[in-house]
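What follows is the content of run_36.txt, which has compact mmCIF, C-alpha atoms:
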```
# COMPACT_ATOMS: atom_id res chain seq x y z
CA MET A 1 8.28 -50.25 -25.95
CA ILE A 2 5.67 -52.68 -27.28
CA GLY A 3 3.07 -54.42 -25.14
CA TYR A 4 2.58 -57.99 -26.42
CA ILE A 5 -0.52 -60.04 -25.58
CA ARG A 6 -1.19 -63.61 -26.67
CA VAL A 7 -4.49 -65.35 -25.97
CA SER A 8 -4.65 -69.04 -26.84
CA ASP A 9 -8.44 -69.23 -27.05
CA SER A 10 -11.51 -67.04 -27.32
CA GLN A 11 -11.43 -65.94 -23.68
CA LYS A 12 -11.20 -62.17 -24.17
CA ALA A 13 -11.01 -61.68 -20.40
CA ASP A 14 -7.53 -63.20 -20.37
CA GLY A 15 -6.34 -60.65 -22.93
CA GLU A 16 -7.70 -57.84 -20.77
CA SER A 17 -6.00 -59.20 -17.65
CA GLN A 18 -2.68 -59.34 -19.51
CA ARG A 19 -3.17 -55.78 -20.73
CA GLU A 20 -3.94 -54.49 -17.23
CA ALA A 21 -0.91 -56.26 -15.77
CA ILE A 22 1.34 -54.72 -18.43
CA LYS A 23 -0.14 -51.26 -17.90
CA ALA A 24 0.39 -51.48 -14.14
CA TYR A 25 3.99 -52.62 -14.62
CA ALA A 26 4.73 -49.85 -17.15
CA ALA A 27 3.24 -47.20 -14.86
CA LYS A 28 5.32 -48.47 -11.95
CA ARG A 29 8.55 -48.22 -13.97
CA GLY A 30 7.68 -45.05 -15.86
CA ILE A 31 7.67 -46.84 -19.21
CA GLN A 32 5.80 -45.46 -22.21
CA ILE A 33 4.05 -48.12 -24.27
CA SER A 34 4.09 -46.97 -27.89
CA ASP A 35 1.96 -49.74 -29.33
CA TRP A 36 0.11 -52.99 -28.56
CA ILE A 37 0.26 -56.28 -30.40
CA GLU A 38 -2.42 -58.86 -29.59
CA GLU A 39 -2.94 -62.22 -31.24
CA HIS A 40 -5.17 -65.22 -30.57
CA VAL A 41 -3.12 -68.33 -31.26
CA SER A 42 -1.93 -71.39 -29.39
CA ALA A 43 1.84 -71.42 -28.84
CA THR A 44 1.82 -75.24 -28.77
CA LYS A 45 0.06 -75.52 -32.14
CA THR A 46 2.02 -72.90 -34.07
CA GLU A 47 5.65 -72.13 -34.83
CA LEU A 48 7.15 -68.82 -33.72
CA ARG A 49 7.62 -67.77 -37.34
CA GLU A 50 3.87 -68.09 -37.86
CA ARG A 51 3.00 -65.59 -35.14
CA LYS A 52 3.04 -61.80 -34.98
CA LEU A 53 5.69 -62.14 -32.28
CA SER A 54 8.22 -63.13 -34.96
CA SER A 55 7.70 -59.87 -36.87
CA LEU A 56 7.86 -57.95 -33.61
CA ILE A 57 11.25 -59.49 -32.79
CA THR A 58 12.47 -58.78 -36.33
CA SER A 59 11.53 -55.11 -35.87
CA ARG A 60 14.06 -55.03 -32.98
CA GLN A 61 11.86 -53.38 -30.38
CA SER A 62 11.81 -53.95 -26.64
CA ILE A 63 8.80 -55.92 -25.45
CA ILE A 64 6.64 -56.16 -22.32
CA VAL A 65 4.60 -59.31 -21.67
CA SER A 66 2.58 -60.35 -18.63
CA ASP A 67 4.68 -63.50 -18.19
CA ILE A 68 7.07 -65.68 -20.17
CA THR A 69 4.34 -68.15 -21.18
CA ARG A 70 3.03 -65.53 -23.62
CA LEU A 71 6.14 -66.20 -25.73
CA GLY A 72 5.78 -69.98 -25.50
CA ARG A 73 5.23 -72.92 -23.17
CA GLN A 74 6.64 -76.22 -24.40
CA LYS A 75 9.18 -75.55 -27.15
CA VAL A 76 12.11 -74.82 -24.88
CA MET A 77 14.79 -74.11 -27.47
CA GLU A 78 12.43 -71.86 -29.44
CA LEU A 79 11.65 -69.95 -26.25
CA VAL A 80 15.33 -69.61 -25.31
CA GLY A 81 16.07 -68.41 -28.84
CA ALA A 82 13.33 -65.77 -28.68
CA ILE A 83 14.60 -64.51 -25.32
CA GLY A 84 18.15 -64.35 -26.68
CA GLN A 85 17.09 -62.46 -29.81
CA ILE A 86 15.17 -59.83 -27.87
CA ALA A 87 17.99 -59.39 -25.34
CA SER A 88 20.55 -58.99 -28.13
CA TYR A 89 19.07 -55.64 -29.20
CA GLY A 90 16.81 -54.48 -26.36
CA GLU A 91 14.87 -55.60 -23.31
CA LEU A 92 12.24 -58.19 -22.47
CA HIS A 93 10.07 -57.14 -19.53
CA LEU A 94 8.02 -59.71 -17.58
CA ALA A 95 5.29 -57.84 -15.71
CA TYR A 96 4.14 -60.54 -13.29
CA SER A 97 7.61 -61.38 -11.98
CA ASP A 98 8.92 -57.81 -12.29
CA THR A 99 11.88 -59.09 -14.31
CA ILE A 100 13.94 -57.48 -17.07
CA ILE A 101 16.06 -59.62 -19.38
CA ASN A 102 18.67 -57.84 -21.50
CA SER A 103 22.21 -58.28 -22.79
CA GLU A 104 23.62 -57.85 -19.27
CA ASN A 105 21.82 -60.80 -17.68
CA VAL A 106 20.64 -63.03 -20.54
CA ASP A 107 23.52 -65.43 -19.78
CA ASN A 108 22.59 -65.63 -16.10
CA ALA A 109 21.53 -69.27 -15.76
CA GLU A 110 19.47 -68.68 -12.61
CA ILE A 111 17.31 -66.03 -14.27
CA ILE A 112 16.80 -67.94 -17.51
CA PHE A 113 16.07 -71.28 -15.79
CA THR A 114 13.58 -69.55 -13.51
CA VAL A 115 11.57 -68.03 -16.36
CA ILE A 116 11.81 -71.24 -18.42
CA GLY A 117 10.60 -73.11 -15.35
CA GLN A 118 7.51 -70.91 -15.23
CA SER A 119 6.76 -71.82 -18.83
CA PHE A 120 7.33 -75.52 -18.20
CA ALA A 121 5.15 -75.55 -15.07
CA SER A 122 2.33 -73.82 -16.90
CA ALA A 123 2.54 -76.31 -19.77
CA VAL A 124 2.55 -79.27 -17.36
CA GLU A 125 -0.55 -78.00 -15.56
CA ALA A 126 -2.36 -77.33 -18.87
CA GLN A 127 -1.52 -80.85 -20.07
CA LYS A 128 -2.74 -82.42 -16.84
CA ARG A 129 -6.03 -80.53 -17.07
CA SER A 130 -6.47 -81.79 -20.63
CA GLU A 131 -5.66 -85.38 -19.65
CA ARG A 132 -8.09 -85.29 -16.72
CA ALA A 133 -10.83 -83.94 -18.97
CA LYS A 134 -10.21 -86.62 -21.62
CA ALA A 135 -10.12 -89.39 -19.03
CA GLY A 136 -13.38 -88.17 -17.51
CA HIS A 137 -15.03 -88.01 -20.93
CA ALA A 138 -13.87 -91.54 -21.83
CA LYS A 139 -15.09 -92.92 -18.51
CA ARG A 140 -18.53 -91.38 -18.92
CA LYS A 141 -18.75 -92.56 -22.52
CA ALA A 142 -17.85 -96.12 -21.50
CA LYS A 143 -20.72 -96.06 -18.98
CA GLY A 144 -23.12 -94.65 -21.53
CA LEU A 145 -23.45 -91.41 -19.61
CA SER A 146 -23.78 -87.89 -20.94
CA SER A 147 -20.51 -86.16 -21.80
CA GLY A 148 -21.77 -83.01 -20.11
CA ARG A 149 -20.19 -81.75 -16.90
CA GLN A 150 -20.87 -84.05 -13.98
CA LYS A 151 -21.19 -83.16 -10.31
CA GLY A 152 -17.75 -82.61 -8.79
CA GLN A 153 -16.02 -82.27 -12.15
CA LYS A 154 -13.44 -79.49 -12.35
CA VAL A 155 -14.41 -76.51 -14.48
CA LYS A 156 -12.25 -73.85 -16.02
CA SER A 157 -11.42 -71.05 -13.63
CA LYS A 158 -10.26 -67.51 -14.26
CA LEU A 159 -7.27 -68.43 -12.11
CA ASP A 160 -6.08 -70.97 -14.69
CA GLU A 161 -4.76 -68.17 -16.91
CA HIS A 162 -2.64 -66.92 -14.02
CA THR A 163 -1.05 -70.27 -13.14
CA ALA A 164 2.48 -69.18 -14.07
CA PHE A 165 2.19 -66.02 -11.96
CA ILE A 166 0.82 -67.94 -8.95
CA LEU A 167 3.52 -70.61 -9.24
CA ASN A 168 6.21 -67.95 -9.40
CA MET A 169 4.87 -66.20 -6.29
CA LEU A 170 4.60 -69.41 -4.28
CA ASP A 171 8.06 -70.56 -5.42
CA SER A 172 9.37 -67.23 -4.08
CA ASP A 173 7.96 -68.22 -0.66
CA LYS A 174 5.17 -65.66 -0.83
CA SER A 175 2.24 -66.44 1.44
CA LYS A 176 -1.13 -67.31 -0.08
CA ALA A 177 -2.49 -64.07 1.41
CA GLU A 178 0.20 -62.12 -0.50
CA VAL A 179 -0.66 -63.96 -3.70
CA LEU A 180 -4.34 -63.04 -3.25
CA ARG A 181 -3.41 -59.37 -2.72
CA LYS A 182 -1.28 -59.35 -5.86
CA LEU A 183 -4.06 -60.98 -7.86
CA SER A 184 -6.47 -58.35 -6.56
CA ASP A 185 -4.04 -55.60 -7.63
CA LYS A 186 -4.20 -57.09 -11.13
CA GLY A 187 -7.99 -56.99 -11.12
CA VAL A 188 -8.47 -60.69 -10.38
CA GLN A 189 -10.95 -60.86 -7.52
CA VAL A 190 -11.32 -64.24 -5.82
CA SER A 191 -12.20 -65.27 -2.27
CA ARG A 192 -9.68 -67.00 -0.02
CA SER A 193 -11.78 -70.18 0.10
CA ARG A 194 -12.15 -70.27 -3.70
CA PHE A 195 -8.39 -69.74 -4.13
CA TYR A 196 -7.56 -72.55 -1.71
CA SER A 197 -10.07 -74.84 -3.45
CA TRP A 198 -8.49 -74.02 -6.80
CA LEU A 199 -5.01 -74.89 -5.50
CA GLU A 200 -6.33 -78.18 -4.13
CA ASP A 201 -8.28 -79.06 -7.28
CA ARG A 202 -5.26 -78.41 -9.51
CA GLY A 203 -2.89 -80.25 -7.20
CA LEU A 204 -0.87 -77.08 -6.67
CA HIS A 205 -0.96 -77.07 -2.87
CA ASN A 206 2.29 -79.06 -3.05
CA LYS A 207 3.17 -78.00 -6.55
CA LYS A 208 6.86 -77.21 -6.07
CA ALA A 209 7.82 -80.79 -5.26
CA GLU A 210 5.53 -82.06 -8.02
CA PHE A 211 6.99 -79.64 -10.57
CA GLN A 212 10.56 -80.66 -9.72
CA ALA A 213 9.66 -84.33 -10.03
CA ASP A 214 8.05 -83.75 -13.42
CA MET A 215 11.14 -81.93 -14.69
CA PHE A 216 13.35 -84.96 -14.06
CA THR A 217 10.94 -87.57 -15.38
CA GLU A 218 10.15 -86.00 -18.73
```
Taking this structure as input, can you express it in the form of structure tokens?
Amino acid sequence: MIGYIRVSDSQKADGESQREAIKAYAAKRGIQISDWIEEHVSATKTELRERKLSSLITSRQSIIVSDITRLGRQKVMELVGAIGQIASYGELHLAYSDTIINSENVDNAEIIFTVIGQSFASAVEAQKRSERAKAGHAKRKAKGLSSGRQKGQKVKSKLDEHTAFILNMLDSDKSKAEVLRKLSDKGVQVSRSRFYSWLEDRGLHNKKAEFQADMFTE
């Protein structure tokens, strides 16, 4: 079993959080991880064939990832194809959602749409953050102000890298207190007030309805 980690930027902490989540999952299920593959690339700016993941799939080995967004976020058919390839010869384990996809359930629409939904939701939130940042920059530039961070401007949070996991938990009707406990188990320490502020700032306090609306307006 191979542990696969993908970090889209230079934030090494995200790679470590993925690794710890995979280790905890493997220990829980009694799985032996024979090797680790880690790469620092953006899934939205590269093709699957350009990443180490492609060679890993070709080697026909079962894979554990922290969540489905590590395989991809926006290229839906590419993501579905990767899932199908892995399931055709072995297993794809998703640590955060405690899900196994293999030949027995890869054609289960509910399972596949759920994991694809996680990827889509994460991509939507990332795009919105980018658009807000660009709009803020343009507004400040138009006023002749510094492009540095202004008072009240949203800053990157360590929770951003766990958006898919948090969305999945909340969509499963888990309480915010349960989500905080699960994050703590994964080594992500954050206060209740900071977590609630993060949900509010990212517009995720009512994210399920927003996510469903986005899906049908794309």
Review point. Which of these, A:Tyr89, A:Phe165, A:Trp36, A:Tyr96, has the shortest distance to A:Arg6 once you count all atoms listed in the file?
Key: A:Trp36
Exercise for review: Rank nothing, just name the residue among A:Ile64, A:Ala82, A:Val7, A:Leu48 nearest to A:Arg29, using all atoms listed in the file.
Suggested key: A:Ile64
**Study point:** Using only C-alpha atoms: which of A:Ser175, A:Ser59, A:Thr99, A:Thr69 has the shortest distance to A:Gln85
**Key:**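 Nearest candidate to A:Gln85 out of A:Ser175, A:Ser59, A:Thr99, A:Thr69: A:Ser59.
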Exercise for review: Determine, counting only C-alpha atoms, which protein, DNA and RNA residues have an atom within 8 Å of an atom of A:Val65; residues of the same chain fewer than 2 positions away are not included. Present the result as a ChimeraX atom specification.
Suggested key: /A:3-5,18,22,63,67-68,70,92-95
Those same residues, written as a compact mmCIF listing (two decimals), in the coordinates of the input with C-alpha atoms?
```txt
# COMPACT_ATOMS: atom_id res chain seq x y z
CA GLY A 3 3.07 -54.42 -25.14
CA TYR A 4 2.58 -57.99 -26.42
CA ILE A 5 -0.52 -60.04 -25.58
CA GLN A 18 -2.68 -59.34 -19.51
CA ILE A 22 1.34 -54.72 -18.43
CA ILE A 63 8.80 -55.92 -25.45
CA ASP A 67 4.68 -63.50 -18.19
CA ILE A 68 7.07 -65.68 -20.17
CA ARG A 70 3.03 -65.53 -23.62
CA LEU A 92 12.24 -58.19 -22.47
CA HIS A 93 10.07 -57.14 -19.53
CA LEU A 94 8.02 -59.71 -17.58
CA ALA A 95 5.29 -57.84 -15.71
```
Exercise for review: Give me, please, the distance in Å between atom CA of A:Gly117 and atom CA of A:Ala26, quoted to one decimal.
Suggested key: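 Between atom CA of A:Gly117 and atom CA of A:Ala26 the gap works out to 24.1 Å.
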Exercise for review: Find, counting all atoms listed in the file, the residue in A:Leu199, A:Ile111, A:Gly81, A:Leu56 that gets nearest to A:Asp160.
Suggested key: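 Once distances to A:Asp160 are computed over all atoms listed in the file, the minimum belongs to A:Leu199.
Residues near the point (4.3, -45.2, -26.3), at a distance of 10 Å or less over all atoms listed in the file, make up Met1, Ile2, Gly3, Ile31, Gln32, Ile33, Ser34, Asp35 and Trp36 of chain A.
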Would you put the residues from that selection into a file with C-alpha atoms, as a PDB file, keeping the file's coordinate frame?
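Generated output (part03.pdb):
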```pdb
ATOM      1  CA  MET A   1       8.280 -50.250 -25.950  1.00  0.00           C
ATOM      2  CA  ILE A   2       5.670 -52.680 -27.280  1.00  0.00           C
ATOM      3  CA  GLY A   3       3.070 -54.420 -25.140  1.00  0.00           C
ATOM      4  CA  ILE A  31       7.670 -46.840 -19.210  1.00  0.00           C
ATOM      5  CA  GLN A  32       5.800 -45.460 -22.210  1.00  0.00           C
ATOM      6  CA  ILE A  33       4.050 -48.120 -24.270  1.00  0.00           C
ATOM      7  CA  SER A  34       4.090 -46.970 -27.890  1.00  0.00           C
ATOM      8  CA  ASP A  35       1.960 -49.740 -29.330  1.00  0.00           C
ATOM      9  CA  TRP A  36       0.110 -52.990 -28.560  1.00  0.00           C
TER      10      TRP A  36
END
```
Study note, to complete from the structure: Expressed in Å, the length from atom CA of A:Ser66 to atom CA of A:Ser193 is 25.6 Å
Point to revise | Which residue of A:Ala109, A:Val188, A:Ile166, A:Ile83 approaches A:Ser97 most closely, using only C-alpha atoms | key: A:Ile166
Please report, as lines of an AutoDock Vina configuration file, the centre and edge lengths in Å to one decimal of an axis-aligned box covering all listed atoms of stretch 81-91 of chain A with 6 Å per side.
```
center_x = 16.9
center_y = -61.4
center_z = -26.6
size_x = 19.2
size_y = 25.9
size_z = 18.5
```
Practice item. Mind listing whatever residues come within 10 Å of the point (5.6, -63.6, -31.3)? Use all atoms listed in the file, file coordinates, and give them as JSON, numbers by chain. Key: {"A": [4, 5, 6, 37, 38, 39, 41, 43, 47, 48, 49, 50, 51, 52, 53, 54, 55, 56, 57, 58, 70, 71, 72, 82]}
Practice item. Please indicate the distance in Å from atom CA of A:Lys182 to atom CA of A:Ala21, rounded to one decimal place. Key: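 Between these atoms lies a distance of 10.4 Å.
Of the listed residues (A:Phe195, A:Glu104, A:Arg19, A:Glu200), A:Phe195 comes nearest to A:Leu180; the distances count all atoms listed in the file.
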